[in-house]
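Shown next, in structure tokens, is the structure this report addresses.
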Number of protein chains: 2
Amino acid sequence: MRLSPAAELAIRGSLILAKRHNQGPVTLGMICDDDKRLSREYLARVFGMMARAGIVRPIRGKNGGYVLTRDPKNISLLEVIEAVEGPQALNICQNNPPLCENYKTCKVQKVWKELQGIFDKKLSAVKLSELY
Amino acid sequence: MRLSPAAELAIRGSLILAKRHNQGPVTLGMICDDDKRLSREYLARVFGMMARAGIVRPIRGKNGGYVLTRDPKNISLLEVIEAVEGPQALNICQNNPPLCENYKTCKVQKVWKELQGIFDKKLSAVKLSELY
């Protein structure tokens, strides 16, 4: 069980946008200068997913780039992860609806449900503004 | 972030062995009769991984099959998952050693560390004997 590389990148990229919030559009070049481990092409794809999820806005033109659509104190880590991974389900019984017909009586399901609750609560409580 | 299909299968298969513990070897056929969603070929591969991890023992011969190497009350859910997925790391900064050079100062790392701790504690506390 592991965070996807796309979600790792989304977190890193969005933290750079958060740090420069209200300072105008940030280009992919500026982001990749700031964090040398980021791939420009991959980041463009990930920001495309984040734009569709309403977290990032691409600004076209000469002085274009990317900005966050909202204040970083109103964007949670969970939103960033879900923008690229979709709704979080730690395993098949946490899908909505569950992908296993035994979920009502299954004792394993209760364990995952507890972990899913903790996971969702923590990641939705932590905002981008707290992380840079 | 999601449990792998192999780990889902390992949990299901080991719970059937746990339920029949001390009743002699359990064949793949018996397991697949008990849980129709399991694939025999895939289960054989997963049990191979669990045998290498010391959780399952294959018994050869006419009345052969698989048994748990220990009492189900001494096998945790975490051990079953790690038998097929390897050591658990929710993301790159929870690898040992971390796969990111910023882990000492990074505030995101603290969030994952907290979740990793909760995750490991819960999954190692829950034993197979509690789950069927």
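Every chain in the structure tokens takes a letter, A first, then B, and so on in the order presented; its residues are numbered from 1, and the ligands are numbered from 1 following the presented order.
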Task: DSSP-assigned strand (DSSP E or B) members of chain A, reported as an NGL selection string - done: :A and (26 or 56-59 or 65-68 or 76 or 127)
Open item on the list: Give me, as an MDAnalysis selection string, all polymer residues having an atom no more than 7 Å from range 59-68 of chain A, counting only C-alpha atoms and skipping those fewer than 4 positions away in the same chain.
Closed with: chainID A and resid 17:18 21 25:28 55
Open item on the list: Restricting the calculation to only C-alpha atoms: of A:Ala89, A:Ile16, A:Val46, A:Ala53, which residue gets closest to chain B?
Closed with: A:Ala89
Task: Within 10 Å of Gln109 in chain A using only C-alpha atoms, minus same-chain residues under 2 positions, as a PyMOL selection string - done: (chain A and resi 91-94+98+100+102-107+111-115) or (chain B and resi 131)
At a cut-off of 9 Å, can you tabulate as a tab-separated table every residue of chain A near chain B together with its closest atom pair and the distance in Å to one decimal, using only C-alpha atoms and ordering rows by chain then number?
```
residue	atom	partner	partner_atom	distance
A:Met1	CA	B:Leu3	CA	4.6
A:Arg2	CA	B:Leu90	CA	4.5
A:Leu3	CA	B:Met1	CA	4.6
A:Ser4	CA	B:Met1	CA	6.4
A:Pro5	CA	B:Asn91	CA	8.7
A:Glu8	CA	B:Asn91	CA	7.8
A:Ile11	CA	B:Val108	CA	8.7
A:Ile81	CA	B:Met1	CA	9.0
A:Glu85	CA	B:Met1	CA	7.7
A:Gln88	CA	B:Met1	CA	6.9
A:Ala89	CA	B:Arg2	CA	6.4
A:Leu90	CA	B:Arg2	CA	4.5
A:Asn91	CA	B:Leu3	CA	5.2
A:Ile92	CA	B:Leu3	CA	8.1
A:Cys106	CA	B:Leu131	CA	7.8
A:Lys107	CA	B:Leu131	CA	5.2
A:Val108	CA	B:Leu131	CA	5.9
A:Val111	CA	B:Leu123	CA	8.0
A:Leu115	CA	B:Phe119	CA	6.9
A:Ile118	CA	B:Leu115	CA	8.1
A:Phe119	CA	B:Leu115	CA	6.9
A:Lys122	CA	B:Val111	CA	8.0
A:Leu123	CA	B:Val111	CA	8.0
A:Val126	CA	B:Val111	CA	8.2
A:Glu130	CA	B:Lys107	CA	7.8
A:Leu131	CA	B:Lys107	CA	5.2
A:Tyr132	CA	B:Lys107	CA	6.9
```
- [ ] From the DSSP assignment of the backbone, select every residue of range 11-131 of chain A that is alpha helix (DSSP H), and format the answer as a VMD selection string.
- [x] chain A and resid 11 to 19 28 to 34 40 to 52 77 to 85 107 to 125
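The two atoms in question, CA of Cys32 in chain A and CA of Lys19 in chain A, are spaced 14.1 Å apart.
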TODO: Within 7 Å of Lys127 in chain B, counting only C-alpha atoms, which residues show up once you throw out same-chain ones fewer than 3 positions away? Write them as an NGL selection string, please.
DONE: :B and (72-77 or 130)
Task: Selected residue, from B:Met30, B:Ala83, B:Ala125, B:Leu99, that lies nearest to Gly48 in chain B when counting only C-alpha atoms - done: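 With only C-alpha atoms as the atom set, the closest residue is B:Ala83.
Atom pair CA of Asn95 in chain B / CA of Ser39 in chain A: separated by 21.3 Å.
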